[in-house]
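Source file: protein.txt (compact mmCIF, C-alpha atoms)
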```txt
# COMPACT_ATOMS: atom_id res chain seq x y z
CA MET A 725 15.45 17.03 2.47
CA GLY A 726 18.72 16.05 0.79
CA TRP A 727 18.35 13.87 -2.28
CA TYR A 728 14.56 14.33 -2.20
CA ASP A 729 15.00 17.89 -3.49
CA SER A 730 16.65 16.67 -6.69
CA VAL A 731 13.67 14.52 -7.72
CA GLN A 732 10.78 16.77 -6.79
CA ASN A 733 8.19 16.84 -9.57
CA ARG A 734 4.69 15.50 -10.05
CA TRP A 735 5.90 12.40 -11.89
CA MET A 736 8.09 11.31 -8.99
CA VAL A 737 5.18 12.00 -6.67
CA LEU A 738 3.20 9.59 -8.84
CA VAL A 739 5.88 6.92 -8.39
CA ALA A 740 5.89 7.45 -4.62
CA CYS A 741 2.09 7.13 -4.51
CA ILE A 742 2.26 3.92 -6.56
CA TRP A 743 4.79 2.41 -4.14
CA ILE A 744 2.64 3.38 -1.16
CA GLU A 745 -0.49 1.97 -2.79
CA CYS A 746 1.31 -1.26 -3.72
CA CYS A 747 1.94 -1.78 0.00
CA GLY A 748 -1.25 -0.23 1.38
CA GLY A 749 -3.83 -2.98 0.95
CA ALA A 750 -2.69 -5.49 3.53
CA PHE A 751 -6.22 -5.54 4.97
CA TYR A 752 -7.35 -7.50 1.92
CA GLY A 753 -5.29 -10.41 3.24
CA PHE A 754 -7.32 -10.88 6.42
CA SER A 755 -8.19 -14.45 5.40
CA ILE A 756 -4.49 -15.38 5.67
CA CYS A 757 -4.42 -14.81 9.40
CA SER A 758 -8.05 -15.68 10.16
CA GLU A 759 -7.29 -19.34 10.87
CA ALA A 760 -4.51 -18.38 13.29
CA ILE A 761 -6.94 -16.05 15.08
CA LYS A 762 -9.56 -18.79 15.38
CA THR A 763 -7.00 -21.28 16.70
CA ARG A 764 -5.37 -18.90 19.18
CA PHE A 765 -8.59 -17.57 20.73
CA GLY A 766 -10.93 -20.50 20.10
CA TYR A 767 -13.32 -18.29 18.14
CA ASN A 768 -16.20 -19.69 16.14
CA GLN A 769 -17.08 -18.37 12.70
CA GLN A 770 -19.56 -15.85 14.07
CA GLN A 771 -16.92 -14.30 16.35
CA LEU A 772 -14.43 -14.21 13.48
CA ASP A 773 -17.05 -12.44 11.38
CA SER A 774 -17.34 -9.87 14.18
CA ILE A 775 -13.61 -9.14 13.87
CA SER A 776 -14.10 -8.71 10.14
CA ALA A 777 -16.94 -6.29 10.85
CA TYR A 778 -14.63 -4.22 13.07
CA SER A 779 -12.24 -4.11 10.11
CA SER A 780 -14.99 -2.70 7.92
CA VAL A 781 -15.71 -0.02 10.52
CA GLY A 782 -12.01 0.88 10.42
CA LEU A 783 -12.29 1.45 6.68
CA PHE A 784 -14.95 4.06 7.46
CA GLY A 785 -12.06 6.13 8.80
CA GLY A 786 -11.39 7.25 5.24
CA ILE A 787 -13.69 10.18 6.03
CA ILE A 788 -11.34 11.29 8.81
CA SER A 789 -8.29 10.97 6.58
CA GLY A 790 -10.06 12.98 3.89
CA LEU A 791 -10.84 15.79 6.31
CA LEU A 792 -7.28 15.85 7.64
CA ASN A 793 -5.94 15.88 4.10
CA GLN A 794 -7.83 19.12 3.53
CA CYS A 795 -6.04 20.99 6.31
CA LEU A 796 -2.71 19.20 6.86
CA PRO A 797 0.27 18.59 4.56
CA ALA A 798 0.25 15.24 2.80
CA TRP A 799 3.39 14.00 4.55
CA LEU A 800 1.84 14.55 7.97
CA VAL A 801 -1.33 12.62 7.08
CA LEU A 802 0.87 9.82 5.73
CA LEU A 803 2.85 9.83 8.98
CA ILE A 804 -0.35 9.52 11.03
CA GLY A 805 -1.58 6.70 8.82
CA SER A 806 1.68 4.79 8.93
CA LEU A 807 1.82 5.04 12.74
CA LEU A 808 -1.76 3.80 13.04
CA ASN A 809 -0.99 0.95 10.67
CA LEU A 810 2.18 0.02 12.55
CA ALA A 811 0.57 0.22 16.00
CA GLY A 812 -2.65 -1.56 15.08
CA TYR A 813 -1.15 -4.54 13.27
CA THR A 814 1.70 -4.91 15.76
CA ILE A 815 -0.62 -5.10 18.76
CA VAL A 816 -2.91 -7.58 16.98
CA TRP A 817 0.19 -9.66 16.16
CA LEU A 818 1.26 -9.58 19.82
CA PHE A 819 -2.17 -10.90 20.79
CA VAL A 820 -2.33 -13.60 18.13
CA SER A 821 1.26 -14.77 18.64
CA GLY A 822 0.68 -15.20 22.39
CA ARG A 823 3.04 -12.44 23.50
CA LEU A 824 0.13 -10.62 25.15
CA PRO A 825 -2.71 -12.22 27.11
CA VAL A 826 -5.94 -13.10 25.34
CA PRO A 827 -7.99 -9.89 24.94
CA PRO A 828 -11.77 -9.46 24.94
CA LEU A 829 -13.32 -9.68 21.50
CA TRP A 830 -14.05 -5.95 21.38
CA GLU A 831 -10.43 -5.07 22.20
CA LEU A 832 -9.02 -7.23 19.42
CA GLY A 833 -11.61 -5.73 17.09
CA LEU A 834 -10.64 -2.21 18.16
CA PHE A 835 -6.96 -2.66 17.28
CA THR A 836 -7.91 -4.36 14.02
CA SER A 837 -10.02 -1.31 13.21
CA ILE A 838 -7.10 1.00 14.01
CA ALA A 839 -4.86 -0.94 11.64
CA MET A 840 -7.42 -0.75 8.84
CA ASN A 841 -7.90 2.96 9.50
CA GLY A 842 -4.17 3.52 9.09
CA SER A 843 -4.22 1.85 5.68
CA LEU A 844 -7.06 4.16 4.63
CA PHE A 845 -4.94 7.22 5.48
CA LEU A 846 -2.26 6.00 3.08
CA ASN A 847 -4.78 5.25 0.34
CA THR A 848 -6.59 8.56 0.69
CA VAL A 849 -3.45 10.69 0.45
CA SER A 850 -2.13 8.78 -2.56
CA MET A 851 -5.44 9.06 -4.38
CA VAL A 852 -6.10 12.73 -3.64
CA THR A 853 -2.53 13.79 -4.43
CA SER A 854 -2.55 12.00 -7.78
CA VAL A 855 -5.87 13.61 -8.73
CA ASN A 856 -4.59 17.06 -7.71
CA ASN A 857 -1.39 16.65 -9.71
CA PHE A 858 -3.15 15.39 -12.85
CA PRO A 859 -6.51 17.22 -12.75
CA ASP A 860 -7.28 16.84 -16.47
CA ASN A 861 -6.33 13.15 -16.38
CA ARG A 862 -7.88 12.31 -13.03
CA GLY A 863 -9.69 9.25 -14.36
CA LEU A 864 -6.46 7.59 -15.42
CA ALA A 865 -4.73 8.66 -12.19
CA VAL A 866 -7.53 7.19 -10.03
CA GLY A 867 -7.57 4.00 -12.10
CA LEU A 868 -3.83 3.58 -11.63
CA MET A 869 -4.08 4.07 -7.86
CA LYS A 870 -7.01 1.65 -7.56
CA GLY A 871 -5.15 -0.92 -9.64
CA CYS A 872 -2.12 -0.69 -7.38
CA ILE A 873 -4.16 -1.10 -4.20
CA GLY A 874 -5.69 -4.17 -5.82
CA LEU A 875 -2.22 -5.63 -6.37
CA SER A 876 -1.02 -4.79 -2.88
CA SER A 877 -2.51 -7.77 -1.09
CA ALA A 878 -0.85 -10.15 -3.54
CA PHE A 879 2.46 -8.36 -3.05
CA ILE A 880 2.29 -8.27 0.77
CA SER A 881 1.27 -11.93 0.96
CA THR A 882 4.14 -12.86 -1.35
CA VAL A 883 6.64 -10.98 0.83
CA TRP A 884 5.19 -12.85 3.81
CA LYS A 885 5.74 -16.21 2.08
CA VAL A 886 9.35 -15.28 1.31
CA LEU A 887 10.16 -14.06 4.83
CA PHE A 888 8.18 -16.69 6.75
CA PRO A 889 7.85 -19.75 4.49
CA ASP A 890 7.02 -22.19 7.30
CA SER A 891 5.04 -19.90 9.58
CA ASP A 892 1.33 -19.79 10.33
CA GLY A 893 -0.83 -16.83 9.39
CA SER A 894 0.01 -14.83 12.51
CA SER A 895 3.33 -13.71 11.00
CA TYR A 896 1.40 -12.05 8.16
CA LEU A 897 0.31 -9.44 10.70
CA ILE A 898 3.86 -8.29 11.44
CA VAL A 899 4.61 -8.06 7.71
CA ALA A 900 1.44 -6.00 7.28
CA ALA A 901 2.62 -3.75 10.13
CA VAL A 902 6.20 -3.16 8.97
CA ILE A 903 6.24 -3.13 5.15
CA PRO A 904 3.60 -0.42 4.46
CA SER A 905 4.83 1.77 7.33
CA ALA A 906 8.50 1.50 6.28
CA VAL A 907 7.73 2.34 2.64
CA THR A 908 5.58 5.29 3.71
CA PHE A 909 8.25 6.64 6.11
CA LEU A 910 10.76 6.57 3.27
CA LEU A 911 8.59 8.19 0.60
CA MET A 912 6.37 10.63 2.48
CA PRO A 913 8.71 13.65 1.99
CA ILE A 914 8.19 13.32 -1.79
CA VAL A 915 4.39 13.34 -1.71
CA ARG A 916 2.97 16.81 -2.19
CA LYS A 917 0.73 18.77 -4.52
CA TYR A 918 2.17 20.43 -7.62
CA GLU A 919 0.51 23.04 -9.76
CA ALA A 920 0.28 21.60 -13.25
CA ASP A 921 1.12 23.66 -16.30
CA ASN A 922 -2.25 24.33 -17.92
CA SER A 923 -0.77 24.41 -21.41
CA GLU A 924 0.67 20.95 -20.91
CA ASN A 925 -1.88 19.43 -18.60
CA GLY A 926 -4.73 19.23 -21.09
CA SER A 927 -2.63 17.82 -23.90
CA SER A 928 -3.05 14.30 -25.20
CA ARG A 929 0.69 13.82 -24.74
CA THR A 930 0.34 13.99 -20.97
CA MET A 931 -2.37 11.34 -21.09
CA GLN A 932 -0.20 9.13 -23.28
CA ASN A 933 2.72 9.47 -20.89
CA LEU A 934 0.50 8.71 -17.92
CA ALA A 935 -0.81 5.63 -19.70
CA LEU A 936 2.76 4.60 -20.49
CA ALA A 937 3.65 4.97 -16.82
CA SER A 938 0.78 2.57 -16.08
CA ALA A 939 2.18 -0.13 -18.37
CA PRO A 940 4.55 -1.73 -15.79
CA MET A 941 1.61 -2.15 -13.42
CA VAL A 942 -0.42 -3.88 -16.13
CA PHE A 943 2.43 -6.31 -16.83
CA LEU A 944 2.79 -6.88 -13.09
CA ALA A 945 -0.91 -7.73 -12.76
CA VAL A 946 -0.64 -10.26 -15.58
CA PHE A 947 2.44 -11.73 -13.92
CA PHE A 948 0.62 -12.13 -10.60
CA MET A 949 -2.26 -13.93 -12.32
CA ALA A 950 0.04 -16.28 -14.23
CA ALA A 951 2.46 -17.13 -11.38
CA PRO A 952 0.19 -19.58 -9.47
CA PHE A 953 -0.06 -21.81 -12.55
CA TRP A 954 3.69 -22.29 -12.86
CA ASP A 955 5.29 -25.55 -11.86
CA GLY A 956 8.17 -25.68 -9.43
CA ASN A 957 8.90 -24.65 -5.88
CA SER A 958 6.35 -22.12 -4.59
CA LEU A 959 9.03 -20.30 -2.57
CA GLN A 960 11.11 -19.78 -5.71
CA VAL A 961 8.04 -18.37 -7.46
CA SER A 962 7.39 -16.05 -4.49
CA ASN A 963 10.97 -14.79 -4.61
CA LEU A 964 10.63 -14.18 -8.32
CA ILE A 965 7.43 -12.19 -7.78
CA VAL A 966 9.08 -9.96 -5.19
CA TYR A 967 12.04 -9.30 -7.48
CA ASP A 968 9.69 -8.51 -10.36
CA VAL A 969 7.67 -6.07 -8.27
CA ILE A 970 10.87 -4.20 -7.43
CA PHE A 971 12.04 -4.35 -11.05
CA PHE A 972 8.77 -3.01 -12.45
CA ASN A 973 8.68 -0.16 -9.94
CA VAL A 974 12.28 0.77 -10.74
CA LEU A 975 11.34 0.67 -14.43
CA LEU A 976 8.43 2.96 -13.68
CA ALA A 977 10.70 5.40 -11.82
CA THR A 978 13.10 5.40 -14.79
CA GLU A 979 10.23 6.17 -17.15
CA VAL A 980 8.94 9.14 -15.20
CA LEU A 981 12.43 10.56 -14.71
CA ASN A 982 12.77 10.43 -18.48
CA PHE A 983 9.47 12.31 -18.81
CA TYR A 984 10.71 14.93 -16.37
CA HIS A 985 14.07 15.49 -18.04
CA HIS A 986 12.30 15.96 -21.37
CA GLY A 987 9.92 18.49 -19.86
CA LEU A 988 6.78 16.33 -20.18
```
If you convert what's in this file into structure tokens, what do you get?
Amino acid sequence: MGWYDSVQNRWMVLVACIWIECCGGAFYGFSICSEAIKTRFGYNQQQLDSISAYSSVGLFGGIISGLLNQCLPAWLVLLIGSLLNLAGYTIVWLFVSGRLPVPPLWELGLFTSIAMNGSLFLNTVSMVTSVNNFPDNRGLAVGLMKGCIGLSSAFISTVWKVLFPDSDGSSYLIVAAVIPSAVTFLLMPIVRKYEADNSENGSSRTMQNLALASAPMVFLAVFFMAAPFWDGNSLQVSNLIVYDVIFFNVLLATEVLNFYHHGL
């Protein structure tokens, strides 16, 4: 695994799961591309709602990812999820951008469902792995993962604004296809279950350190809420948000490495 072997511990797994979760909620941004879908295919609101319903069915695939997570290594489930995410969103983008002929409604809904299902694979593995690695602090671990998935749509949409400032919503689909899959490909070798030290795991110090590791995400959430109220060029604000997301995640990685080197 190369450099991955030098950082293997449950705290670095936590960082990897946070990165994956911060990119894993692109499906929350469906409204960004909905207008492009209506325009391209001439759908009315009822037909667009049907596409949204297919998306919800795709989220039901979390049951499948949970079952696979019970019998397959975490990296393999992440690989399956990232491939589903990449394939689903890419094909929908090809339809919406006009590179493929107009599909039947059910076919577009099917690939939308596949994309959503892929995102659920990523979310399930991150959540389950974090709970397994911090069993006596599972509430805080779950809260951190849920908070990151809540931030992910804001992050993905901001990356989209930076990369395609003058584009319509169809380009959001290709960002949703590439960013989560690329991050998952990079980090999936790190994600695995570690047996926690029982003498350390139940201590209040571990909870304090886990809460401290959550602090950058709290600051990031506040930053996201405050950014829309700033004056100035919206593209400059979007760039600043992307840089801050990277900064706060690097800060988080630095924190957990410090925990590891001090035996926490």
- Message: So, with all atoms listed in the file as the atoms that count, which of A:Thr882, A:Ser876, A:Thr814, A:Ser895 lies closest to A:Ile838?
- Response: A:Thr814
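The two atoms in question, atom CA of A:Thr908 and atom CA of A:Ala939, are spaced 23.0 Å apart.
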- Query: Separation of atom CA of A:Val852 and atom CA of A:Ser779, in Å?
  - Reply: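 One can read the atom CA of A:Val852 to atom CA of A:Ser779 distance as 22.6 Å.
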- Task: Identify, on the basis of only C-alpha atoms, every residue whose closest approach to A:Gly893 does not exceed 7 Å; exclude the query and any residue fewer than 6 positions from it along the same chain; express the result as a ChimeraX atom specification.
- Result: /A:756-757,760
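Between atom CA of A:Gly786 and atom CA of A:Leu844 there is a distance of 5.4 Å.
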- Item | Pick from A:Gln770, A:Asn809, A:Ser877, A:Thr853 nearest to A:Phe754, counting all atoms listed in the file |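 Closest candidate: A:Ser877.
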- Query: Using all atoms listed in the file, which residues sit within 12 Å of A:Val816 once same-chain residues fewer than 3 positions away are excluded, as a ChimeraX atom specification?
  - Reply: /A:754,757-758,760-761,764,775,809-813,819-827,829,831-840,894-901
